[in-house]
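A.B. asks: Structure file query_13.csv, CSV, C-alpha atoms and all ligand atoms, is pasted below:
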chain,number,residue,atom,x,y,z
A,9,MET,CA,85.0,67.3,115.8
A,10,ARG,CA,81.2,67.7,116.0
A,11,PRO,CA,80.0,71.1,117.1
A,12,LEU,CA,79.1,71.4,120.8
A,13,ALA,CA,75.9,73.4,120.0
A,14,VAL,CA,74.2,75.1,117.1
A,15,ALA,CA,71.6,77.9,117.0
A,16,ILE,CA,69.9,79.2,113.8
A,17,THR,CA,67.6,81.9,112.7
A,18,GLY,CA,63.9,81.1,113.4
A,19,ARG,CA,64.6,77.9,115.2
A,20,GLY,CA,67.0,78.8,118.1
A,21,VAL,CA,69.1,75.9,119.4
A,22,VAL,CA,68.9,72.8,117.2
A,23,ASP,CA,70.5,69.4,117.3
A,24,PRO,CA,74.1,69.8,115.8
A,25,ALA,CA,73.7,66.5,114.0
A,26,SER,CA,70.6,67.7,112.1
A,27,ALA,CA,70.9,69.3,108.6
A,28,VAL,CA,70.2,73.0,108.8
A,29,VAL,CA,71.3,74.5,105.5
A,30,PRO,CA,69.1,74.2,102.4
A,31,ALA,CA,70.8,72.4,99.5
A,32,ASP,CA,70.5,75.5,97.3
A,33,ASP,CA,71.8,77.9,99.9
A,34,GLU,CA,74.2,80.3,98.1
A,35,GLY,CA,76.7,80.2,101.0
A,36,PHE,CA,77.0,76.5,100.2
A,37,THR,CA,76.7,76.5,96.4
A,38,ARG,CA,78.9,79.6,95.7
A,39,GLY,CA,80.8,80.4,98.9
A,40,ARG,CA,78.8,83.6,99.0
A,41,ALA,CA,78.3,84.1,102.8
A,42,ALA,CA,79.9,86.1,105.5
A,43,PHE,CA,81.3,84.7,108.7
A,44,THR,CA,83.4,85.4,111.7
A,45,THR,CA,85.0,83.2,114.4
A,46,LEU,CA,85.8,84.2,117.9
A,47,ARG,CA,86.7,82.8,121.3
A,48,VAL,CA,84.6,82.4,124.3
A,49,TYR,CA,86.4,82.9,127.6
A,50,GLY,CA,84.6,81.9,130.8
A,51,GLY,CA,81.3,81.8,129.0
A,52,ARG,CA,81.7,85.3,127.5
A,53,PRO,CA,82.4,85.7,123.8
A,54,PHE,CA,85.3,88.2,123.5
A,55,ARG,CA,84.6,91.3,121.3
A,56,LEU,CA,81.3,89.9,120.1
A,57,ARG,CA,79.8,93.2,119.2
A,58,GLU,CA,83.0,94.1,117.2
A,59,HIS,CA,82.9,90.8,115.4
A,60,LEU,CA,79.2,91.4,114.5
A,61,ARG,CA,80.1,94.8,113.1
A,62,ARG,CA,82.8,93.2,110.9
A,63,LEU,CA,80.2,90.5,109.9
A,64,GLN,CA,77.8,93.3,108.8
A,65,GLY,CA,80.6,94.9,106.8
A,66,SER,CA,81.6,91.7,105.1
A,67,ALA,CA,77.9,91.0,104.3
A,68,GLU,CA,77.6,94.5,102.7
A,69,ARG,CA,80.7,94.0,100.5
A,70,ILE,CA,79.4,90.6,99.3
A,71,GLY,CA,76.1,92.3,98.4
A,72,LEU,CA,74.0,90.5,101.1
A,73,SER,CA,71.4,92.2,103.4
A,74,ALA,CA,72.9,93.2,106.7
A,75,PRO,CA,72.3,90.8,109.6
A,76,ASP,CA,70.4,92.3,112.6
A,77,ALA,CA,73.2,92.4,115.2
A,78,ALA,CA,70.9,92.1,118.2
A,79,GLU,CA,69.2,89.0,116.8
A,80,VAL,CA,72.5,87.4,115.9
A,81,GLU,CA,73.9,88.2,119.3
A,82,GLN,CA,71.0,86.5,121.0
A,83,LEU,CA,71.5,83.4,118.8
A,84,ALA,CA,75.2,83.4,119.6
A,85,LEU,CA,74.5,83.6,123.4
A,86,GLN,CA,71.9,80.8,123.1
A,87,ALA,CA,74.4,78.5,121.4
A,88,VAL,CA,77.1,79.3,124.0
A,89,ALA,CA,74.7,78.6,126.8
A,90,ALA,CA,73.5,75.3,125.2
A,91,ALA,CA,77.1,74.2,124.8
A,92,GLY,CA,77.7,74.5,128.5
A,93,VAL,CA,81.5,74.8,128.1
A,94,PRO,CA,83.1,78.0,129.4
A,95,ASP,CA,86.0,78.1,127.0
A,96,CYS,CA,85.2,77.3,123.4
A,97,THR,CA,85.0,78.7,119.8
A,98,LEU,CA,82.0,80.5,118.3
A,99,ARG,CA,81.6,80.7,114.6
A,100,ILE,CA,78.8,82.9,113.2
A,101,THR,CA,77.8,82.6,109.6
A,102,TRP,CA,75.4,84.9,107.7
A,103,THR,CA,74.2,83.2,104.6
A,104,PRO,CA,71.7,84.6,102.0
A,105,GLY,CA,69.9,81.2,101.8
A,106,PRO,CA,68.4,80.0,98.5
A,107,PRO,CA,68.3,82.5,95.6
A,108,GLY,CA,65.8,85.1,96.7
A,109,GLY,CA,66.2,84.2,100.4
A,110,PRO,CA,65.4,84.1,103.2
A,111,PRO,CA,68.9,84.7,104.8
A,112,MET,CA,69.9,82.9,107.9
A,113,ALA,CA,72.4,83.2,110.7
A,114,LEU,CA,74.1,80.1,112.2
A,115,ALA,CA,75.9,80.2,115.5
A,116,VAL,CA,78.1,77.2,115.9
A,117,VAL,CA,80.0,76.5,119.1
A,118,GLY,CA,83.0,74.1,119.1
A,119,GLU,CA,85.9,72.9,121.2
A,120,ILE,CA,89.2,74.9,121.1
A,121,PRO,CA,91.4,72.8,118.8
A,122,ALA,CA,94.2,71.0,120.8
A,123,PHE,CA,96.9,72.0,118.3
A,124,VAL,CA,96.7,75.7,119.3
A,125,GLU,CA,98.5,75.4,122.6
A,126,GLU,CA,101.0,72.9,121.1
A,127,LEU,CA,101.8,75.4,118.4
A,128,ARG,CA,102.2,78.3,120.8
A,129,GLU,CA,104.5,76.1,122.9
A,130,ARG,CA,106.8,75.1,120.0
A,131,GLY,CA,106.4,78.1,117.8
A,132,GLN,CA,105.3,78.0,114.1
A,133,ARG,CA,107.2,77.8,110.9
A,134,LEU,CA,105.8,79.9,108.1
A,135,ALA,CA,106.2,79.6,104.3
A,136,SER,CA,105.9,82.7,102.2
A,137,LEU,CA,103.4,82.3,99.4
A,138,LEU,CA,102.5,84.7,96.6
A,139,VAL,CA,98.8,86.0,96.3
A,140,PRO,CA,97.3,88.9,94.5
A,141,ARG,CA,96.7,92.0,96.6
A,142,ARG,CA,92.9,92.6,97.1
A,143,SER,CA,93.2,96.1,95.5
A,144,GLU,CA,89.8,96.2,93.8
A,145,PRO,CA,86.3,96.1,95.4
A,146,TRP,CA,85.4,92.9,93.5
A,147,LEU,CA,88.4,91.2,95.2
A,148,LEU,CA,86.5,91.8,98.5
A,149,GLU,CA,89.2,93.5,100.5
A,150,GLY,CA,88.9,93.1,104.2
A,151,THR,CA,86.0,90.7,103.8
A,152,LYS,CA,85.6,87.4,105.7
A,153,SER,CA,83.6,85.3,103.3
A,154,THR,CA,83.1,81.6,103.2
A,155,SER,CA,85.1,81.4,99.9
A,156,TYR,CA,88.1,80.2,101.9
A,157,ALA,CA,89.3,77.4,99.6
A,158,VAL,CA,92.3,79.5,98.5
A,159,ASN,CA,93.3,80.1,102.1
A,160,MET,CA,93.0,76.4,102.9
A,161,ALA,CA,95.0,75.5,99.7
A,162,ALA,CA,97.7,77.9,100.9
A,163,GLU,CA,97.8,76.2,104.3
A,164,ALA,CA,98.1,72.9,102.6
A,165,GLU,CA,101.0,74.2,100.4
A,166,ALA,CA,102.8,75.6,103.4
A,167,LYS,CA,102.5,72.1,105.1
A,168,ARG,CA,103.8,70.5,101.9
A,169,ARG,CA,106.9,72.7,102.2
A,170,GLY,CA,107.4,71.5,105.8
A,171,ALA,CA,105.9,74.6,107.5
A,172,ASP,CA,103.0,75.0,109.8
A,173,ASP,CA,101.3,77.8,108.0
A,174,ALA,CA,101.6,80.4,105.2
A,175,VAL,CA,102.4,84.1,105.2
A,176,PHE,CA,101.0,85.8,102.1
A,177,VAL,CA,103.1,88.3,100.1
A,178,ASP,CA,102.0,90.2,97.0
A,179,ALA,CA,103.6,90.4,93.6
A,180,GLU,CA,105.9,93.2,94.9
A,181,GLY,CA,107.0,91.1,97.8
A,182,ILE,CA,105.0,93.1,100.4
A,183,VAL,CA,103.9,91.1,103.5
A,184,LEU,CA,100.1,90.9,103.8
A,185,GLU,CA,98.6,88.4,106.3
A,186,GLY,CA,98.3,84.6,106.9
A,187,PRO,CA,95.4,82.4,105.6
A,188,VAL,CA,93.6,82.9,109.0
A,189,THR,CA,95.9,85.3,110.9
A,190,ASN,CA,97.4,88.7,111.0
A,191,VAL,CA,101.2,88.9,110.9
A,192,TRP,CA,103.4,91.0,113.3
A,193,TRP,CA,107.1,91.5,114.1
A,194,ARG,CA,109.3,93.5,116.4
A,195,GLU,CA,112.2,95.7,115.5
A,196,GLY,CA,113.8,96.9,118.8
A,197,GLU,CA,110.9,98.5,120.7
A,198,THR,CA,108.6,98.9,117.7
A,199,LEU,CA,105.9,96.4,116.7
A,200,LEU,CA,105.2,96.4,113.0
A,201,THR,CA,102.1,94.9,111.2
A,202,PRO,CA,100.9,95.3,107.6
A,203,SER,CA,98.4,98.2,107.1
A,204,LEU,CA,94.7,97.6,106.5
A,205,ASP,CA,95.1,99.7,103.3
A,206,LEU,CA,96.7,96.5,101.8
A,207,GLY,CA,93.2,94.9,101.6
A,208,ILE,CA,93.9,92.5,104.5
A,209,LEU,CA,91.3,91.5,107.1
A,210,ALA,CA,90.9,93.9,110.0
A,211,GLY,CA,91.6,91.2,112.6
A,212,GLU,CA,89.8,91.8,116.0
A,213,THR,CA,92.9,90.4,117.7
A,214,ARG,CA,95.0,92.8,115.7
A,215,ALA,CA,92.9,95.6,117.0
A,216,THR,CA,93.2,94.3,120.6
A,217,LEU,CA,97.0,93.9,120.4
A,218,ALA,CA,97.3,97.4,118.9
A,219,GLY,CA,95.5,98.8,121.9
A,220,LEU,CA,97.7,96.8,124.3
A,221,ALA,CA,101.1,97.7,122.6
A,222,ALA,CA,101.7,101.1,124.2
A,223,GLY,CA,100.9,99.9,127.7
A,224,LEU,CA,103.6,97.2,127.3
A,225,GLY,CA,106.2,99.8,126.2
A,226,TYR,CA,106.0,99.2,122.4
A,227,ARG,CA,105.6,101.7,119.6
A,228,LEU,CA,103.2,100.6,116.9
A,229,GLU,CA,103.8,101.0,113.2
A,230,GLU,CA,101.6,99.9,110.3
A,231,GLY,CA,102.6,100.1,106.7
A,232,ALA,CA,103.7,98.2,103.5
A,233,TYR,CA,106.8,96.2,104.3
A,234,PRO,CA,108.9,93.9,102.1
A,235,LEU,CA,109.4,90.3,103.3
A,236,ALA,CA,113.0,91.2,104.0
A,237,ARG,CA,111.9,93.3,107.0
A,238,LEU,CA,110.1,90.3,108.5
A,239,LEU,CA,113.0,88.0,107.9
A,240,ALA,CA,115.4,90.4,109.7
A,241,ALA,CA,113.0,91.0,112.7
A,242,ASP,CA,114.0,90.5,116.3
A,243,GLU,CA,110.9,88.3,116.7
A,244,ALA,CA,107.7,87.6,114.9
A,245,PHE,CA,104.2,86.3,115.7
A,246,THR,CA,100.7,86.0,114.3
A,247,SER,CA,97.4,87.0,115.8
A,248,SER,CA,93.9,85.5,115.5
A,249,SER,CA,90.8,85.1,117.7
A,250,ILE,CA,91.1,81.3,118.0
A,251,ARG,CA,94.9,80.9,118.1
A,252,GLU,CA,95.5,84.3,119.9
A,253,VAL,CA,99.3,85.2,119.8
A,254,VAL,CA,101.5,82.5,118.3
A,255,PRO,CA,105.3,83.0,118.0
A,256,VAL,CA,107.0,82.5,114.6
A,257,VAL,CA,110.3,80.5,114.8
A,258,ALA,CA,111.0,80.5,111.0
A,259,VAL,CA,110.0,82.0,107.8
A,260,ASP,CA,111.0,80.0,104.7
A,261,ASP,CA,114.7,79.0,105.6
A,262,VAL,CA,115.3,81.9,108.0
A,263,GLU,CA,115.2,81.0,111.7
A,264,LEU,CA,113.8,83.6,114.1
A,265,GLU,CA,114.3,83.9,117.9
A,266,ARG,CA,111.2,83.7,120.1
A,267,GLY,CA,110.8,87.0,121.9
A,268,ARG,CA,109.3,88.9,124.8
A,269,ALA,CA,106.7,90.9,122.9
A,270,ALA,CA,104.7,87.8,121.8
A,271,ALA,CA,104.8,86.5,125.4
A,272,ALA,CA,103.7,89.8,126.9
A,273,LEU,CA,100.9,90.4,124.4
A,274,GLN,CA,99.6,86.8,124.9
A,275,ARG,CA,99.5,87.4,128.6
A,276,ALA,CA,97.9,90.8,128.3
A,277,LEU,CA,95.3,89.5,125.9
A,278,ARG,CA,94.3,86.7,128.3
A,279,GLU,CA,94.1,89.2,131.2
A,280,LEU,CA,91.7,91.4,129.1
A,281,ALA,CA,89.6,88.5,127.8
A,282,VAL,CA,89.1,86.2,130.8
A,283,PRO,CA,86.3,87.6,133.0
A,284,VAL,CA,87.3,88.4,136.6
A,285,PRO,CA,85.3,86.1,138.8
A,301,LIG,C1,92.6,86.2,106.4
A,301,LIG,C2,92.5,86.5,107.9
A,301,LIG,N1,93.3,87.4,108.4
A,301,LIG,C3,93.3,87.6,109.7
A,301,LIG,C4,92.5,86.9,110.6
A,301,LIG,C5,92.5,87.2,112.1
A,301,LIG,O1,91.3,87.9,112.5
A,301,LIG,P1,90.7,87.8,114.0
A,301,LIG,O2,91.8,88.4,114.9
A,301,LIG,O3,89.5,88.7,113.9
A,301,LIG,O4,90.4,86.4,114.3
A,301,LIG,C6,91.6,86.0,110.1
A,301,LIG,C7,90.7,85.2,111.0
A,301,LIG,O5,90.3,84.1,110.7
A,301,LIG,C8,91.6,85.7,108.7
A,301,LIG,O6,90.8,84.8,108.2
Could I get this file's structure written as structure tokens?
C.D. replies:
Amino acid sequence: MRPLAVAITGRGVVDPASAVVPADDEGFTRGRAAFTTLRVYGGRPFRLREHLRRLQGSAERIGLSAPDAAEVEQLALQAVAAAGVPDCTLRITWTPGPPGGPPMALAVVGEIPAFVEELRERGQRLASLLVPRRSEPWLLEGTKSTSYAVNMAAEAEAKRRGADDAVFVDAEGIVLEGPVTNVWWREGETLLTPSLDLGILAGETRATLAGLAAGLGYRLEEGAYPLARLLAADEAFTSSSIREVVPVVAVDDVELERGRAAAALQRALRELAVPVP
């Protein structure tokens, strides 16, 4: 799928088909760039400012200069306007450019992938995969960098095992997150999700759902939980900006029931995100 629109630092909206990244850009040559991806609902990017704050944090941890949030916001809005599609995806990348700079922001607008609603409809099967916990600063805890080859390889391995996606567990069997999602489950009236202390990404959707939980009658608990807790859950689901809330119907060989919390959170998320006309 070609992007619907692209805007970049210093040039504004450009032809999506034209090359915009220098060949020696370090984001390209070393995967040393920060990015974030969000959804646009009715022409309005949801939680844009929060995503830009996270982008600044990711840039800082990678050792890049911080992007100017106001400038990047303007680029993002220009790209969304140029796309002319009310519901779409927005990916913002902050890359250092060639060694010595200058850095550059790219706002890329795309179509919402068709598989997302299909996956929500049928529920996803997850395969648990071992990864090291990001317990040291140089492992870039909580950082969304363009070095995503490992995440994509995990997704491919999960598919090879007959699942739709992966759920990462550390060497002690503690549940972390998915390659592009945060993981949740319900035990009675309590929603559980791995703690940010585990070095996982602070998902913006995770933050939104955490804010919605009490209003829907659920207690929220964050912590370090073994995989067995997820396998024994009353229901489970994942969260991310593009896929929103997607029910989990199996983890490895254990089947899980679809449940009311995922459905209620998905509804509440849409109510919050879709602008009232
Ligand atoms: C590793 C990882 N965890 C969690 C998420 C979910 O974050 P968000 O809700 O901000 O999209 C993502 C998003 O792509 C991710 O890459």
A.B. asks: For ligand LIG 301 (chain A), which residue out of A:Arg52, A:Arg38, A:Arg268, A:Lys152 is the nearest one, using only C-alpha atoms and all ligand atoms?
C.D. replies: A:Lys152
A.B. asks: I need the residue nearest ligand LIG 301 (chain A) from this list: A:Glu58, A:Glu229, A:Glu265, A:Glu279. Use all atoms listed in the file for the distance.
C.D. replies: A:Glu58
A.B. asks: Residues near Leu137 in chain A, anyone? I mean within 10 Å using all atoms listed in the file, not counting same-chain ones fewer than 5 positions away, as a ChimeraX atom specification.
C.D. replies: /A:162-163,165-166,173-179,181,183,186,260
A.B. asks: Residues within 6 Å of ligand LIG 301 (chain A) should be enumerated using all atoms listed in the file and returned as a list of chain:residue names.
C.D. replies: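 So, counting all atoms listed in the file, the residues near ligand LIG 301 (chain A) are A:Glu185, A:Gly186, A:Pro187, A:Val188, A:Thr189, A:Asn190, A:Leu209, A:Gly211, A:Glu212, A:Thr213, A:Arg214, A:Ser247, A:Ser248, A:Ser249.
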A.B. asks: Return the single residue from A:Pro285, A:Ser136, A:Val158, A:Arg275 that is closest to Leu238 in chain A, with distances computed using only C-alpha atoms.
C.D. replies: A:Ser136
A.B. asks: Select, from A:Arg278, A:Arg251, A:Arg227, A:Arg266, the residue with the minimum atom-to-atom distance to Glu126 in chain A, counting only C-alpha atoms.
C.D. replies: A:Arg251
A.B. asks: Can you build me a table of range 200-283 of chain A residues sitting at most 6 Å from range 131-135 of chain A, with the closest atom pair per residue and its distance in Å to one decimal, using all atoms listed in the file, sorted by chain and residue number, as a tab-separated table?
C.D. replies:
residue	atom	partner	partner_atom	distance
A:Pro255	CA	A:Gly131	CA	5.0
A:Val256	CA	A:Gln132	CA	4.8
A:Val257	CA	A:Gly131	CA	5.5
A:Ala258	CA	A:Arg133	CA	4.7
A:Val259	CA	A:Leu134	CA	4.7
A:Asp260	CA	A:Ala135	CA	4.8
A.B. asks: How many Å lie between CA of Ser203 in chain A and CA of Arg47 in chain A, rounded to one decimal?
C.D. replies: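 Separating CA of Ser203 in chain A from CA of Arg47 in chain A is a distance of 24.0 Å.
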A.B. asks: Of the residues A:Arg128, A:Leu184, A:Ala271, A:Phe245, which is the one nearest to Glu230 in chain A, using all atoms listed in the file?
C.D. replies: A:Leu184
A.B. asks: With only C-alpha atoms as the atoms that count, which of A:Gly231, A:Pro11, A:Gly92, A:Gly267 lies nearest to Ala25 in chain A?
C.D. replies: A:Pro11
A.B. asks: List the neighbours of Gly50 in chain A out to 9 Å using only C-alpha atoms; skip same-chain residues closer than 2 positions along the sequence, and give me the result as number ranges by chain.
C.D. replies: A: 48, 52-53, 93-96, 281-283
A.B. asks: Kindly give the distance, in Å, that separates CA of Thr44 in chain A and CA of Glu119 in chain A, rounded to a single decimal.
C.D. replies: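 Spanning CA of Thr44 in chain A to CA of Glu119 in chain A is a straight-line distance of 15.9 Å.
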A.B. asks: In the coordinate frame of the file, compute which residues have an atom within 12 Å of (104.0, 98.0, 122.5) when using all atoms listed in the file, and state them as a PyMOL selection string.
C.D. replies: chain A and resi 192-201+216-229+268-273+276
A.B. asks: Find the residues near Gly18 in chain A: any atom within 12 Å, counting all atoms listed in the file, skip ones fewer than 5 places away on the same chain, and give them as a list in words.
C.D. replies: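 Here the answer would be Val28, Glu79, Val80, Gln82, Leu83, Pro110, Pro111, Met112, Ala113 and Leu114 of chain A.
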A.B. asks: Could you model all heavy atoms for range 39-50 of chain A and present them as an mmCIF file, keeping the file's coordinate frame?
C.D. replies:
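part14.cif was written with the following content:
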data_model
loop_
_atom_site.group_PDB
_atom_site.id
_atom_site.type_symbol
_atom_site.label_atom_id
_atom_site.label_comp_id
_atom_site.auth_asym_id
_atom_site.auth_seq_id
_atom_site.Cartn_x
_atom_site.Cartn_y
_atom_site.Cartn_z
ATOM 1 N N GLY A 39 79.858 79.783 97.933
ATOM 2 C CA GLY A 39 80.800 80.400 98.900
ATOM 3 C C GLY A 39 80.470 81.853 99.108
ATOM 4 O O GLY A 39 81.361 82.652 99.383
ATOM 5 N N ARG A 40 79.186 82.210 98.987
ATOM 6 C CA ARG A 40 78.800 83.600 99.000
ATOM 7 C C ARG A 40 78.059 83.901 100.356
ATOM 8 O O ARG A 40 76.866 84.167 100.409
ATOM 9 C CB ARG A 40 77.869 83.901 97.848
ATOM 10 C CG ARG A 40 77.589 85.335 97.617
ATOM 11 C CD ARG A 40 76.922 85.585 96.279
ATOM 12 N NE ARG A 40 76.362 86.926 96.274
ATOM 13 C CZ ARG A 40 75.102 87.203 96.556
ATOM 14 N NH1 ARG A 40 74.243 86.244 96.829
ATOM 15 N NH2 ARG A 40 74.689 88.456 96.555
ATOM 16 N N ALA A 41 78.809 83.795 101.436
ATOM 17 C CA ALA A 41 78.300 84.100 102.800
ATOM 18 C C ALA A 41 79.360 84.747 103.586
ATOM 19 O O ALA A 41 80.546 84.628 103.248
ATOM 20 C CB ALA A 41 77.799 82.783 103.437
ATOM 21 N N ALA A 42 78.953 85.459 104.627
ATOM 22 C CA ALA A 42 79.900 86.100 105.500
ATOM 23 C C ALA A 42 80.024 85.332 106.792
ATOM 24 O O ALA A 42 79.054 84.711 107.228
ATOM 25 C CB ALA A 42 79.454 87.541 105.797
ATOM 26 N N PHE A 43 81.220 85.337 107.388
ATOM 27 C CA PHE A 43 81.300 84.700 108.700
ATOM 28 C C PHE A 43 82.385 85.335 109.546
ATOM 29 O O PHE A 43 83.182 86.161 109.091
ATOM 30 C CB PHE A 43 81.631 83.165 108.505
ATOM 31 C CG PHE A 43 83.070 82.806 108.227
ATOM 32 C CD1 PHE A 43 83.859 82.215 109.205
ATOM 33 C CD2 PHE A 43 83.636 83.051 106.989
ATOM 34 C CE1 PHE A 43 85.188 81.873 108.955
ATOM 35 C CE2 PHE A 43 84.965 82.711 106.724
ATOM 36 C CZ PHE A 43 85.740 82.123 107.707
ATOM 37 N N THR A 44 82.340 84.977 110.810
ATOM 38 C CA THR A 44 83.400 85.400 111.700
ATOM 39 C C THR A 44 83.555 84.316 112.774
ATOM 40 O O THR A 44 82.649 83.515 112.997
ATOM 41 C CB THR A 44 83.065 86.767 112.376
ATOM 42 O OG1 THR A 44 84.243 87.264 113.014
ATOM 43 C CG2 THR A 44 81.940 86.674 113.396
ATOM 44 N N THR A 45 84.743 84.255 113.346
ATOM 45 C CA THR A 45 85.000 83.200 114.400
ATOM 46 C C THR A 45 85.661 83.911 115.555
ATOM 47 O O THR A 45 86.567 84.731 115.388
ATOM 48 C CB THR A 45 85.976 82.172 113.798
ATOM 49 O OG1 THR A 45 85.489 81.755 112.526
ATOM 50 C CG2 THR A 45 86.030 80.953 114.702
ATOM 51 N N LEU A 46 85.206 83.594 116.735
ATOM 52 C CA LEU A 46 85.800 84.200 117.900
ATOM 53 C C LEU A 46 85.889 83.199 119.046
ATOM 54 O O LEU A 46 85.416 82.075 118.938
ATOM 55 C CB LEU A 46 84.941 85.430 118.356
ATOM 56 C CG LEU A 46 83.454 85.274 118.625
ATOM 57 C CD1 LEU A 46 83.007 86.333 119.621
ATOM 58 C CD2 LEU A 46 82.652 85.461 117.333
ATOM 59 N N ARG A 47 86.539 83.665 120.131
ATOM 60 C CA ARG A 47 86.700 82.800 121.300
ATOM 61 C C ARG A 47 85.801 83.161 122.403
ATOM 62 O O ARG A 47 85.504 84.337 122.608
ATOM 63 C CB ARG A 47 88.172 82.940 121.807
ATOM 64 C CG ARG A 47 88.987 81.664 121.718
ATOM 65 C CD ARG A 47 90.160 81.754 122.674
ATOM 66 N NE ARG A 47 91.232 80.937 122.151
ATOM 67 C CZ ARG A 47 91.913 80.053 122.878
ATOM 68 N NH1 ARG A 47 91.664 79.862 124.149
ATOM 69 N NH2 ARG A 47 92.877 79.352 122.326
ATOM 70 N N VAL A 48 85.374 82.166 123.122
ATOM 71 C CA VAL A 48 84.600 82.400 124.300
ATOM 72 C C VAL A 48 85.456 82.077 125.521
ATOM 73 O O VAL A 48 86.075 81.016 125.586
ATOM 74 C CB VAL A 48 83.338 81.431 124.307
ATOM 75 C CG1 VAL A 48 82.514 81.598 125.566
ATOM 76 C CG2 VAL A 48 82.498 81.673 123.052
ATOM 77 N N TYR A 49 85.563 83.053 126.424
ATOM 78 C CA TYR A 49 86.400 82.900 127.600
ATOM 79 C C TYR A 49 85.458 82.925 128.837
ATOM 80 O O TYR A 49 84.723 83.909 129.014
ATOM 81 C CB TYR A 49 87.371 84.055 127.764
ATOM 82 C CG TYR A 49 88.393 84.189 126.663
ATOM 83 C CD1 TYR A 49 88.094 84.885 125.497
ATOM 84 C CD2 TYR A 49 89.680 83.661 126.801
ATOM 85 C CE1 TYR A 49 89.044 85.045 124.491
ATOM 86 C CE2 TYR A 49 90.633 83.820 125.802
ATOM 87 C CZ TYR A 49 90.310 84.508 124.648
ATOM 88 O OH TYR A 49 91.254 84.675 123.657
ATOM 89 N N GLY A 50 85.486 81.894 129.637
ATOM 90 C CA GLY A 50 84.600 81.900 130.800
ATOM 91 C C GLY A 50 83.177 82.136 130.520
ATOM 92 O O GLY A 50 82.490 82.828 131.278
#
